[in-house]
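Participant: What follows is the file protein-v2.pdb, containing PDB, C-alpha atoms:
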ATOM      1  CA  MET A 227      -5.095  -2.896  17.448
ATOM      2  CA  GLU A 228      -2.586  -0.262  18.513
ATOM      3  CA  TYR A 229      -2.564   3.294  17.158
ATOM      4  CA  ARG A 230       0.189   5.778  16.365
ATOM      5  CA  ALA A 231       0.303   9.510  15.688
ATOM      6  CA  LEU A 232       0.280  10.521  12.022
ATOM      7  CA  GLY A 233       2.682  13.408  11.693
ATOM      8  CA  ARG A 234       1.318  16.688  13.014
ATOM      9  CA  THR A 235      -2.269  15.965  11.988
ATOM     10  CA  GLY A 236      -3.479  15.096  15.460
ATOM     11  CA  TRP A 237      -4.802  11.788  14.131
ATOM     12  CA  LYS A 238      -4.098   8.430  15.717
ATOM     13  CA  VAL A 239      -4.151   5.750  13.037
ATOM     14  CA  SER A 240      -4.096   1.979  13.227
ATOM     15  CA  GLU A 241      -0.511   0.750  13.023
ATOM     16  CA  ILE A 242      -1.722  -1.976  10.664
ATOM     17  CA  SER A 243      -3.802  -0.142   8.103
ATOM     18  CA  PHE A 244      -5.309  -1.136   4.755
ATOM     19  CA  GLY A 245      -3.742  -0.642   1.341
ATOM     20  CA  ALA A 246      -6.491  -0.625  -1.275
ATOM     21  CA  TRP A 247      -4.481  -1.153  -4.473
ATOM     22  CA  ALA A 248      -5.306  -4.871  -4.597
ATOM     23  CA  ILE A 249      -9.069  -4.282  -4.508
ATOM     24  CA  GLY A 250      -8.858  -1.631  -7.215
ATOM     25  CA  GLY A 251      -6.883  -3.330  -9.942
ATOM     26  CA  SER A 252      -3.552  -4.729 -11.183
ATOM     27  CA  TRP A 253      -3.716  -7.667  -8.759
ATOM     28  CA  GLY A 254      -6.038  -9.995 -10.608
ATOM     29  CA  HIS A 255      -9.824 -10.094 -10.374
ATOM     30  CA  VAL A 256     -11.519  -9.170  -7.101
ATOM     31  CA  SER A 257     -15.321  -8.866  -7.066
ATOM     32  CA  ASP A 258     -17.060  -5.968  -5.342
ATOM     33  CA  ASP A 259     -18.498  -8.364  -2.772
ATOM     34  CA  GLU A 260     -15.038  -9.781  -1.996
ATOM     35  CA  ALA A 261     -13.552  -6.305  -1.775
ATOM     36  CA  MET A 262     -16.265  -5.060   0.572
ATOM     37  CA  ALA A 263     -15.889  -8.136   2.769
ATOM     38  CA  GLY A 264     -12.178  -7.385   3.138
ATOM     39  CA  LEU A 265     -12.834  -3.724   3.924
ATOM     40  CA  ARG A 266     -15.455  -4.571   6.539
ATOM     41  CA  LYS A 267     -13.135  -7.083   8.176
ATOM     42  CA  ALA A 268     -10.464  -4.391   8.410
ATOM     43  CA  VAL A 269     -12.823  -2.053  10.277
ATOM     44  CA  ASP A 270     -13.939  -4.899  12.534
ATOM     45  CA  CYS A 271     -10.264  -5.519  13.375
ATOM     46  CA  GLY A 272      -9.764  -1.892  14.391
ATOM     47  CA  VAL A 273      -8.356  -0.438  11.170
ATOM     48  CA  ASN A 274      -9.236   3.243  10.806
ATOM     49  CA  PHE A 275      -6.804   4.277   8.040
ATOM     50  CA  PHE A 276      -7.248   3.307   4.396
ATOM     51  CA  ASP A 277      -4.802   4.144   1.623
ATOM     52  CA  THR A 278      -5.977   4.308  -1.977
ATOM     53  CA  ALA A 279      -5.366   6.242  -5.224
ATOM     54  CA  ASP A 280      -7.398   7.676  -8.063
ATOM     55  CA  VAL A 281      -5.835   5.254 -10.550
ATOM     56  CA  TYR A 282      -6.541   2.079  -8.586
ATOM     57  CA  GLY A 283      -9.142   0.615 -10.905
ATOM     58  CA  ASP A 284      -9.798   4.088 -12.379
ATOM     59  CA  GLY A 285     -11.519   5.233  -9.195
ATOM     60  CA  ARG A 286     -13.012   1.862  -8.268
ATOM     61  CA  SER A 287     -10.961   1.556  -5.082
ATOM     62  CA  GLU A 288     -12.026   5.031  -3.944
ATOM     63  CA  ARG A 289     -15.683   4.259  -4.650
ATOM     64  CA  LEU A 290     -15.516   1.024  -2.666
ATOM     65  CA  ILE A 291     -14.109   2.916   0.312
ATOM     66  CA  ALA A 292     -16.856   5.529  -0.041
ATOM     67  CA  ASN A 293     -19.360   2.686   0.199
ATOM     68  CA  LEU A 294     -17.612   1.439   3.335
ATOM     69  CA  LYS A 295     -17.784   4.865   4.965
ATOM     70  CA  LYS A 296     -21.465   5.207   4.119
ATOM     71  CA  ASN A 297     -22.296   1.986   5.939
ATOM     72  CA  TYR A 298     -20.092   2.432   9.004
ATOM     73  CA  LYS A 299     -20.531   5.043  11.688
ATOM     74  CA  LYS A 300     -16.937   4.748  12.903
ATOM     75  CA  ASP A 301     -14.342   7.404  12.125
ATOM     76  CA  ILE A 302     -12.423   6.334   9.036
ATOM     77  CA  ILE A 303      -9.467   8.289   7.649
ATOM     78  CA  VAL A 304      -8.807   7.962   3.928
ATOM     79  CA  ALA A 305      -5.555   8.812   2.186
ATOM     80  CA  THR A 306      -5.665   8.947  -1.589
ATOM     81  CA  LYS A 307      -3.120   9.864  -4.260
ATOM     82  CA  ALA A 308      -2.937  11.865  -7.461
ATOM     83  CA  GLY A 309      -0.521  12.193 -10.351
ATOM     84  CA  ARG A 310      -0.395   8.840 -12.083
ATOM     85  CA  ARG A 311      -3.149   9.775 -14.527
ATOM     86  CA  LEU A 312      -0.518  11.616 -16.546
ATOM     87  CA  PRO A 313       0.315   9.738 -19.751
ATOM     88  CA  LYS A 314       3.951  10.585 -19.054
ATOM     89  CA  GLN A 315       5.380  11.856 -15.790
ATOM     90  CA  SER A 316       6.660  15.440 -15.955
ATOM     91  CA  VAL A 317       6.938  18.412 -13.641
ATOM     92  CA  ALA A 318       4.719  20.442 -15.966
ATOM     93  CA  GLY A 319       2.007  17.817 -15.570
ATOM     94  CA  TYR A 320       1.553  18.764 -11.912
ATOM     95  CA  SER A 321      -0.166  22.019 -12.817
ATOM     96  CA  ALA A 322      -2.893  23.714 -10.822
ATOM     97  CA  ALA A 323      -5.433  22.714 -13.464
ATOM     98  CA  ASN A 324      -4.446  19.047 -13.416
ATOM     99  CA  LEU A 325      -4.180  18.799  -9.635
ATOM    100  CA  THR A 326      -7.581  20.462  -9.256
ATOM    101  CA  ALA A 327      -9.168  18.075 -11.739
ATOM    102  CA  TRP A 328      -7.666  15.034 -10.025
ATOM    103  CA  VAL A 329      -8.743  16.202  -6.586
ATOM    104  CA  ASP A 330     -12.264  16.930  -7.816
ATOM    105  CA  ASP A 331     -12.483  13.407  -9.256
ATOM    106  CA  SER A 332     -11.388  11.913  -5.940
ATOM    107  CA  LEU A 333     -13.852  14.067  -4.028
ATOM    108  CA  ARG A 334     -16.645  12.657  -6.192
ATOM    109  CA  ASN A 335     -15.405   9.084  -5.947
ATOM    110  CA  LEU A 336     -15.067   9.299  -2.166
ATOM    111  CA  ALA A 337     -18.368  11.194  -1.810
ATOM    112  CA  THR A 338     -16.822  13.821   0.435
ATOM    113  CA  ASP A 339     -16.319  17.575   0.570
ATOM    114  CA  ALA A 340     -12.666  17.378   1.651
ATOM    115  CA  LEU A 341      -9.934  14.773   1.213
ATOM    116  CA  ASP A 342      -8.394  13.724   4.520
ATOM    117  CA  LEU A 343      -4.907  13.264   3.074
ATOM    118  CA  LEU A 344      -3.832  13.747  -0.538
ATOM    119  CA  GLN A 345      -0.475  12.296  -1.559
ATOM    120  CA  LEU A 346       1.443  13.117  -4.706
ATOM    121  CA  HIS A 347       1.749   9.710  -6.357
ATOM    122  CA  CYS A 348       5.436   9.061  -7.026
ATOM    123  CA  PRO A 349       6.044  12.170  -9.122
ATOM    124  CA  PRO A 350       9.350  12.779 -10.934
ATOM    125  CA  THR A 351      12.288  13.556  -8.674
ATOM    126  CA  GLU A 352      12.555  17.103 -10.008
ATOM    127  CA  LEU A 353       9.105  17.974  -8.638
ATOM    128  CA  TYR A 354      10.356  17.867  -5.060
ATOM    129  CA  PHE A 355      12.537  20.862  -5.879
ATOM    130  CA  GLN A 356       9.577  22.924  -7.167
ATOM    131  CA  PRO A 357       7.982  24.928  -4.337
ATOM    132  CA  GLU A 358       5.086  25.967  -6.569
ATOM    133  CA  ALA A 359       3.732  22.417  -6.705
ATOM    134  CA  PHE A 360       3.407  22.409  -2.935
ATOM    135  CA  ALA A 361       2.027  25.961  -2.953
ATOM    136  CA  ILE A 362      -0.834  24.651  -5.104
ATOM    137  CA  LEU A 363      -1.557  22.055  -2.426
ATOM    138  CA  ASP A 364      -1.354  24.727   0.271
ATOM    139  CA  ARG A 365      -4.033  26.709  -1.549
ATOM    140  CA  MET A 366      -6.212  23.600  -1.726
ATOM    141  CA  VAL A 367      -5.880  23.183   2.036
ATOM    142  CA  GLN A 368      -6.834  26.827   2.502
ATOM    143  CA  SER A 369      -9.864  26.425   0.234
ATOM    144  CA  GLY A 370     -11.032  23.376   2.187
ATOM    145  CA  LYS A 371     -10.600  20.701  -0.494
ATOM    146  CA  LEU A 372      -7.781  19.029   1.442
ATOM    147  CA  ARG A 373      -7.253  18.616   5.146
ATOM    148  CA  TYR A 374      -3.601  17.626   4.775
ATOM    149  CA  TYR A 375      -1.170  16.466   2.125
ATOM    150  CA  GLY A 376       1.888  14.283   1.801
ATOM    151  CA  VAL A 377       3.865  12.368  -0.805
ATOM    152  CA  SER A 378       4.429   8.824  -1.970
ATOM    153  CA  VAL A 379       8.000   8.299  -3.136
ATOM    154  CA  GLU A 380      10.166   5.743  -4.875
ATOM    155  CA  LYS A 381      13.518   6.835  -3.460
ATOM    156  CA  VAL A 382      14.949   7.815  -0.092
ATOM    157  CA  ASP A 383      16.513  10.920  -1.632
ATOM    158  CA  GLU A 384      13.046  12.046  -2.740
ATOM    159  CA  ALA A 385      11.707  11.515   0.766
ATOM    160  CA  LEU A 386      14.495  13.616   2.267
ATOM    161  CA  GLN A 387      13.794  16.456  -0.139
ATOM    162  CA  ALA A 388      10.025  16.247   0.343
ATOM    163  CA  ILE A 389      10.175  16.811   4.083
ATOM    164  CA  GLU A 390      11.955  20.116   3.476
ATOM    165  CA  CYS A 391       8.503  21.349   2.471
ATOM    166  CA  PRO A 392       7.022  22.583   5.774
ATOM    167  CA  ASN A 393       3.468  21.343   5.211
ATOM    168  CA  VAL A 394       4.213  17.800   4.078
ATOM    169  CA  GLN A 395       2.568  15.699   6.789
ATOM    170  CA  SER A 396       3.422  12.208   5.601
ATOM    171  CA  VAL A 397       5.777  10.229   3.393
ATOM    172  CA  GLN A 398       4.748   6.894   1.966
ATOM    173  CA  ILE A 399       7.773   4.791   1.127
ATOM    174  CA  ILE A 400       8.562   1.147   0.416
ATOM    175  CA  PHE A 401       9.885  -0.384   3.608
ATOM    176  CA  ASN A 402      10.108  -4.066   4.440
ATOM    177  CA  CYS A 403      12.635  -6.783   5.256
ATOM    178  CA  PHE A 404      13.965  -6.538   1.683
ATOM    179  CA  ARG A 405      14.066  -2.721   1.526
ATOM    180  CA  GLN A 406      15.762  -1.362   4.650
ATOM    181  CA  ARG A 407      17.510   1.791   3.437
ATOM    182  CA  PRO A 408      14.754   4.151   4.732
ATOM    183  CA  ALA A 409      15.599   3.147   8.312
ATOM    184  CA  ASP A 410      19.261   3.931   7.714
ATOM    185  CA  GLN A 411      18.946   7.289   6.005
ATOM    186  CA  PHE A 412      15.463   8.768   6.433
ATOM    187  CA  PHE A 413      13.608   7.809   9.591
ATOM    188  CA  LEU A 414      15.529  10.007  12.027
ATOM    189  CA  GLN A 415      15.062  13.113   9.890
ATOM    190  CA  ALA A 416      11.347  12.404   9.530
ATOM    191  CA  GLN A 417      10.984  11.984  13.283
ATOM    192  CA  GLN A 418      12.763  15.256  13.927
ATOM    193  CA  LYS A 419      10.320  17.054  11.629
ATOM    194  CA  LYS A 420       7.325  15.125  13.007
ATOM    195  CA  VAL A 421       6.443  13.680   9.602
ATOM    196  CA  GLY A 422       4.410  10.480   9.468
ATOM    197  CA  ILE A 423       5.832   7.446   7.657
ATOM    198  CA  LEU A 424       3.519   5.056   5.827
ATOM    199  CA  ALA A 425       5.298   1.789   5.035
ATOM    200  CA  ARG A 426       4.018   0.604   1.687
ATOM    201  CA  VAL A 427       4.615  -2.727  -0.085
ATOM    202  CA  PRO A 428       5.212  -4.143   3.415
ATOM    203  CA  LEU A 429       4.878  -7.757   2.269
ATOM    204  CA  ALA A 430       6.910  -7.354  -0.940
ATOM    205  CA  SER A 431       3.929  -8.021  -3.220
ATOM    206  CA  GLY A 432       3.184 -11.255  -1.392
ATOM    207  CA  LEU A 433       6.701 -12.673  -1.201
ATOM    208  CA  LEU A 434       6.833 -12.043   2.538
ATOM    209  CA  THR A 435       3.586 -13.910   3.133
ATOM    210  CA  GLY A 436       5.577 -17.118   2.663
ATOM    211  CA  LYS A 437       2.800 -18.497   0.462
ATOM    212  CA  LEU A 438       4.374 -18.028  -2.965
ATOM    213  CA  ARG A 439       6.306 -20.805  -4.660
ATOM    214  CA  PRO A 440       8.632 -21.106  -7.690
ATOM    215  CA  ASN A 441       5.707 -22.356  -9.759
ATOM    216  CA  SER A 442       3.158 -19.782  -8.536
ATOM    217  CA  THR A 443       1.252 -18.136 -11.390
ATOM    218  CA  PHE A 444      -0.452 -14.750 -11.601
ATOM    219  CA  GLU A 445      -3.350 -13.521 -13.696
ATOM    220  CA  PRO A 446      -2.536 -11.511 -16.842
ATOM    221  CA  ASP A 447      -3.771  -8.271 -15.242
ATOM    222  CA  ASP A 448      -1.698  -8.800 -12.086
ATOM    223  CA  HIS A 449       1.405  -6.572 -11.977
ATOM    224  CA  ARG A 450       3.357  -9.525 -10.566
ATOM    225  CA  ASN A 451       2.947 -11.003 -14.030
ATOM    226  CA  PHE A 452       3.382  -7.954 -16.289
ATOM    227  CA  ASN A 453       5.800  -5.734 -14.333
ATOM    228  CA  ARG A 454       8.520  -8.188 -13.261
ATOM    229  CA  HIS A 455      11.152  -6.065 -14.994
ATOM    230  CA  GLY A 456       9.541  -2.642 -14.743
ATOM    231  CA  GLU A 457       7.678  -2.833 -18.035
ATOM    232  CA  ALA A 458       4.720  -0.745 -16.798
ATOM    233  CA  PHE A 459       6.072   1.246 -13.824
ATOM    234  CA  ASP A 460       8.977   1.269 -11.409
ATOM    235  CA  VAL A 461      10.173  -2.293 -10.881
ATOM    236  CA  GLY A 462      10.557  -1.590  -7.174
ATOM    237  CA  GLU A 463       6.759  -1.709  -6.867
ATOM    238  CA  THR A 464       6.756  -5.406  -7.814
ATOM    239  CA  PHE A 465       8.320  -7.809  -5.298
ATOM    240  CA  SER A 466      10.143  -4.724  -3.921
ATOM    241  CA  GLY A 467      12.486  -4.912  -6.896
ATOM    242  CA  VAL A 468      14.143  -8.162  -5.813
ATOM    243  CA  ASP A 469      14.536 -11.136  -8.109
ATOM    244  CA  TYR A 470      11.598 -13.485  -7.536
ATOM    245  CA  ASN A 471      13.596 -16.637  -6.911
ATOM    246  CA  ALA A 472      16.130 -14.788  -4.754
ATOM    247  CA  GLY A 473      13.225 -13.476  -2.731
ATOM    248  CA  LEU A 474      11.854 -16.977  -2.237
ATOM    249  CA  GLU A 475      15.247 -18.139  -0.945
ATOM    250  CA  ALA A 476      15.356 -15.233   1.513
ATOM    251  CA  VAL A 477      11.852 -16.071   2.725
ATOM    252  CA  GLU A 478      12.995 -19.560   3.669
ATOM    253  CA  GLU A 479      15.826 -18.025   5.678
ATOM    254  CA  ILE A 480      13.312 -15.807   7.471
ATOM    255  CA  ARG A 481      10.922 -18.706   8.062
ATOM    256  CA  ALA A 482      13.424 -20.251  10.459
ATOM    257  CA  LEU A 483      13.034 -17.178  12.704
ATOM    258  CA  LEU A 484       9.267 -17.377  13.179
ATOM    259  CA  PRO A 485       8.115 -17.654  16.803
ATOM    260  CA  PRO A 486       5.553 -20.398  17.475
ATOM    261  CA  GLY A 487       2.103 -19.510  16.197
ATOM    262  CA  VAL A 488       3.252 -16.490  14.180
ATOM    263  CA  THR A 489       2.678 -16.437  10.426
ATOM    264  CA  MET A 490       5.229 -15.118   7.975
ATOM    265  CA  SER A 491       3.021 -12.112   7.166
ATOM    266  CA  GLN A 492       2.627 -11.255  10.836
ATOM    267  CA  PHE A 493       6.365 -11.541  11.428
ATOM    268  CA  ALA A 494       7.161  -9.285   8.446
ATOM    269  CA  LEU A 495       4.649  -6.676   9.596
ATOM    270  CA  ARG A 496       5.799  -6.836  13.224
ATOM    271  CA  TRP A 497       9.355  -6.277  11.973
ATOM    272  CA  ILE A 498       8.208  -2.997  10.419
ATOM    273  CA  LEU A 499       6.452  -1.954  13.620
ATOM    274  CA  MET A 500       9.692  -2.380  15.560
ATOM    275  CA  PHE A 501      10.714   0.994  14.101
ATOM    276  CA  ASP A 502       9.157   3.783  16.164
ATOM    277  CA  ALA A 503       9.413   6.251  13.288
ATOM    278  CA  VAL A 504       6.871   4.238  11.287
ATOM    279  CA  THR A 505       3.282   5.417  11.659
ATOM    280  CA  CYS A 506       1.728   2.365  10.066
ATOM    281  CA  ALA A 507       2.226  -0.483   7.644
ATOM    282  CA  ILE A 508      -0.348  -0.632   4.867
ATOM    283  CA  PRO A 509      -0.677  -4.209   3.589
ATOM    284  CA  GLY A 510      -3.391  -5.022   1.109
ATOM    285  CA  GLY A 511      -5.844  -7.855   1.364
ATOM    286  CA  LYS A 512      -8.280  -9.450  -1.047
ATOM    287  CA  ARG A 513     -10.015 -11.690   1.486
ATOM    288  CA  PRO A 514     -11.213 -11.229   5.063
ATOM    289  CA  ASP A 515      -8.917 -13.979   6.356
ATOM    290  CA  GLN A 516      -5.873 -12.228   4.867
ATOM    291  CA  VAL A 517      -6.916  -8.951   6.469
ATOM    292  CA  ALA A 518      -7.472 -10.548   9.869
ATOM    293  CA  ASP A 519      -4.115 -12.328   9.709
ATOM    294  CA  ASN A 520      -2.342  -9.055   8.938
ATOM    295  CA  CYS A 521      -4.106  -7.168  11.715
ATOM    296  CA  ARG A 522      -2.999  -9.684  14.349
ATOM    297  CA  ALA A 523       0.571  -8.426  13.863
ATOM    298  CA  SER A 524      -0.354  -5.403  15.971
ATOM    299  CA  GLY A 525      -0.871  -7.553  19.054
ATOM    300  CA  LEU A 526       2.379  -9.486  18.839
ATOM    301  CA  PRO A 527       5.169  -8.995  21.383
ATOM    302  CA  PRO A 528       8.347  -7.272  20.176
ATOM    303  CA  LEU A 529      10.716  -9.331  18.079
ATOM    304  CA  SER A 530      13.918 -10.427  19.764
ATOM    305  CA  ALA A 531      17.207  -8.636  19.243
ATOM    306  CA  GLU A 532      18.507 -11.842  17.707
ATOM    307  CA  ALA A 533      15.690 -11.928  15.149
ATOM    308  CA  MET A 534      16.207  -8.269  14.247
ATOM    309  CA  ALA A 535      19.930  -8.859  13.790
ATOM    310  CA  ALA A 536      19.269 -11.912  11.633
ATOM    311  CA  ILE A 537      16.962  -9.952   9.329
ATOM    312  CA  ARG A 538      19.575  -7.253   8.968
ATOM    313  CA  HIS A 539      22.240  -9.833   8.169
ATOM    314  CA  MET A 540      19.962 -11.409   5.557
ATOM    315  CA  TYR A 541      19.397  -8.025   3.934
ATOM    316  CA  ASP A 542      23.055  -7.032   3.913
ATOM    317  CA  ALA A 543      24.139 -10.374   2.508
ATOM    318  CA  ARG A 544      21.469 -10.785  -0.146
ATOM    319  CA  PHE A 545      20.099  -7.414  -1.226
ATOM    320  CA  GLY A 546      21.748  -4.451   0.435
ATOM    321  CA  ALA A 547      24.525  -3.734  -2.051
ATOM    322  CA  ALA A 548      22.197  -3.509  -5.052
ATOM    323  CA  LEU A 549      19.082  -2.013  -3.460
ATOM    324  CA  GLN A 550      20.851   0.620  -1.371
ATOM    325  CA  ARG A 551      22.207   2.188  -4.553
ATOM    326  CA  ARG A 552      18.981   2.110  -6.551
ATOM    327  CA  TRP A 553      16.321   3.285  -4.139
TER     328      TRP A 553
END
For the file at hand, write its structure as structure tokens.
Facilitator:
Amino acid sequence: MEYRALGRTGWKVSEISFGAWAIGGSWGHVSDDEAMAGLRKAVDCGVNFFDTADVYGDGRSERLIANLKKNYKKDIIVATKAGRRLPKQSVAGYSAANLTAWVDDSLRNLATDALDLLQLHCPPTELYFQPEAFAILDRMVQSGKLRYYGVSVEKVDEALQAIECPNVQSVQIIFNCFRQRPADQFFLQAQQKKVGILARVPLASGLLTGKLRPNSTFEPDDHRNFNRHGEAFDVGETFSGVDYNAGLEAVEEIRALLPPGVTMSQFALRWILMFDAVTCAIPGGKRPDQVADNCRASGLPPLSAEAMAAIRHMYDARFGAALQRRW
């Protein structure tokens, strides 16, 4: 496992990290034993950075990670998120009282005195223009409840505005072979300000694993079943916002580029790591074998210039026109 600097925190985090949404909820049933097995495998593979949120299973994901930390002596950095407990997103909802309550809940769930990294969880665009929201977080850092803070965004424009705040240490943004706009319009600015970039939804909700088929089915409580058209939250969170069948066709185009012995997941993750501005990719994993497969992407040689060009051509031809405008 290779490690990269996370913003100005001084931390070196595993370039393949662990996204803990899938073990919390909205991805079908995962038992506690299965979840813990996946978490332990991640640590065994060298992962030291885990991304979660207070709403993933109503705190379940955070509590599972707390259990992991209790049983491992290794240094583990945990990023969590707050803001999606609001019944309806609004700037007023990000008040000092609400943020304090959410942080206190996460502190209890994670069994810690200070959160390593708190991220605002895809708040409304208008919030990024409200300095007081970030001043509240600054006061939490000063009081010792937070070590650092960052944001998780839906749109590139939100990311650009967020890094105007001087103490934002990280931006979590959807970035994968199907969602390439961040590399075009955000990465350079983030590098210049020494802001870490966490690439979320790196496997496009499983599309880029190459394992899904036209007749694949998903459990009723899996967002890939109930959020295909953005019924519950932003549609970009599910399959990166691409049409399912169009995504499957693109995957077959990518499959022809795989070097011998490299899985589709590993190729998709190694593609992300080709961008120096990226701190880490944060794929999820329900099973130890999935986690191990993802982690092997860190040891792969660089992708060829021809492969990188082919992925860009695929994106421009299939998705760029629509997705560049929306996100």
Participant: Find the spatial neighbours of A:Asp284, counting all atoms listed in the file, within a cut-off of 10 Å - ignore same-chain residues fewer than 3 positions away - and output them as a PyMOL selection string.
Facilitator: chain A and resi 250-251+279-281+287-289+311+335
Participant: For A:Ala507, work out the shell of residues within 8 Å, counting only C-alpha atoms and skipping chain neighbours fewer than 4 positions away, then give it as a short mmCIF file (atom, residue, chain, number, x, y, z; two decimals) with C-alpha atoms, in the coordinates of the input.
Facilitator:
data_model
loop_
_atom_site.label_atom_id
_atom_site.label_comp_id
_atom_site.auth_asym_id
_atom_site.auth_seq_id
_atom_site.Cartn_x
_atom_site.Cartn_y
_atom_site.Cartn_z
CA GLU A 241 -0.51 0.75 13.02
CA ILE A 242 -1.72 -1.98 10.66
CA SER A 243 -3.80 -0.14 8.10
CA LEU A 424 3.52 5.06 5.83
CA ALA A 425 5.30 1.79 5.04
CA ARG A 426 4.02 0.60 1.69
CA PRO A 428 5.21 -4.14 3.42
CA LEU A 495 4.65 -6.68 9.60
CA ILE A 498 8.21 -3.00 10.42
CA LEU A 499 6.45 -1.95 13.62
#
Participant: Could you list, as a PyMOL selection string, every residue matched by the PyMOL selection byres ((chain A and resi 520) around 8) in this structure?
Facilitator: chain A and resi 242+491-492+495+509+516-519+521-523
Participant: Output the residue selection produced by the PyMOL selection byres ((chain A and resi 450-462) around 10) on the file above, formatted as number ranges by chain.
Facilitator: A: 252-254, 348, 380-381, 400, 405, 427, 430-432, 443-449, 463-470, 549, 552-553
Participant: When you count all atoms listed in the file, which of these residues is closest to A:Ile399: A:Tyr354, A:Lys420, A:Thr338, A:Thr505?
Facilitator: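 Looking only at the distances to A:Ile399, the closest residue turns out to be A:Thr505.
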Participant: Quick one: residues within 9 Å of A:Val477, all atoms listed in the file, excluding same-chain residues fewer than 3 positions away - as a PDB file with C-alpha atoms, in the frame of the given file?
Facilitator:
ATOM      1  CA  LEU A 433       6.701 -12.673  -1.201  1.00  0.00           C
ATOM      2  CA  LEU A 434       6.833 -12.043   2.538  1.00  0.00           C
ATOM      3  CA  THR A 435       3.586 -13.910   3.133  1.00  0.00           C
ATOM      4  CA  GLY A 436       5.577 -17.118   2.663  1.00  0.00           C
ATOM      5  CA  ALA A 472      16.130 -14.788  -4.754  1.00  0.00           C
ATOM      6  CA  GLY A 473      13.225 -13.476  -2.731  1.00  0.00           C
ATOM      7  CA  LEU A 474      11.854 -16.977  -2.237  1.00  0.00           C
ATOM      8  CA  ILE A 480      13.312 -15.807   7.471  1.00  0.00           C
ATOM      9  CA  ARG A 481      10.922 -18.706   8.062  1.00  0.00           C
ATOM     10  CA  ALA A 482      13.424 -20.251  10.459  1.00  0.00           C
ATOM     11  CA  MET A 490       5.229 -15.118   7.975  1.00  0.00           C
TER      12      MET A 490
END
Participant: Given the file above and the PyMOL selection byres ((chain A and resi 314-317) around 9), which residues are selected, and can you give them as a ChimeraX atom specification?
Facilitator: /A:309-313,318-321,349-353,356,359
Participant: For atom CA of A:Asp342 and atom CA of A:Lys299, determine how far apart the two atoms are, in Å to one decimal place.
Facilitator: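 Atom-to-atom, atom CA of A:Asp342 to atom CA of A:Lys299, that is 16.6 Å.
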Participant: Rounded to one decimal place, report the atom CA of A:Arg234-atom CA of A:Gln368 distance in Å.
Facilitator: 16.7 Å
Participant: Any idea what the distance is between atom CA of A:Phe355 and atom CA of A:Val377?
Facilitator: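 Here the two named atoms are 13.2 Å from each other.
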Participant: Within 10 Å of (-6.5, 13.0, -8.9), in the coordinates the file gives, what residues turn up when you count all atoms listed in the file, written out as a PyMOL selection string?
Facilitator: chain A and resi 279-281+285+306-312+324-333+344-347
Participant: Name the closest residue to A:Tyr374 among the candidates A:Ala261, A:Leu232, A:Val256, A:Leu484; distances are taken between atoms, counting all atoms listed in the file.
Facilitator: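 Nearest candidate to A:Tyr374 out of A:Ala261, A:Leu232, A:Val256, A:Leu484: A:Leu232.
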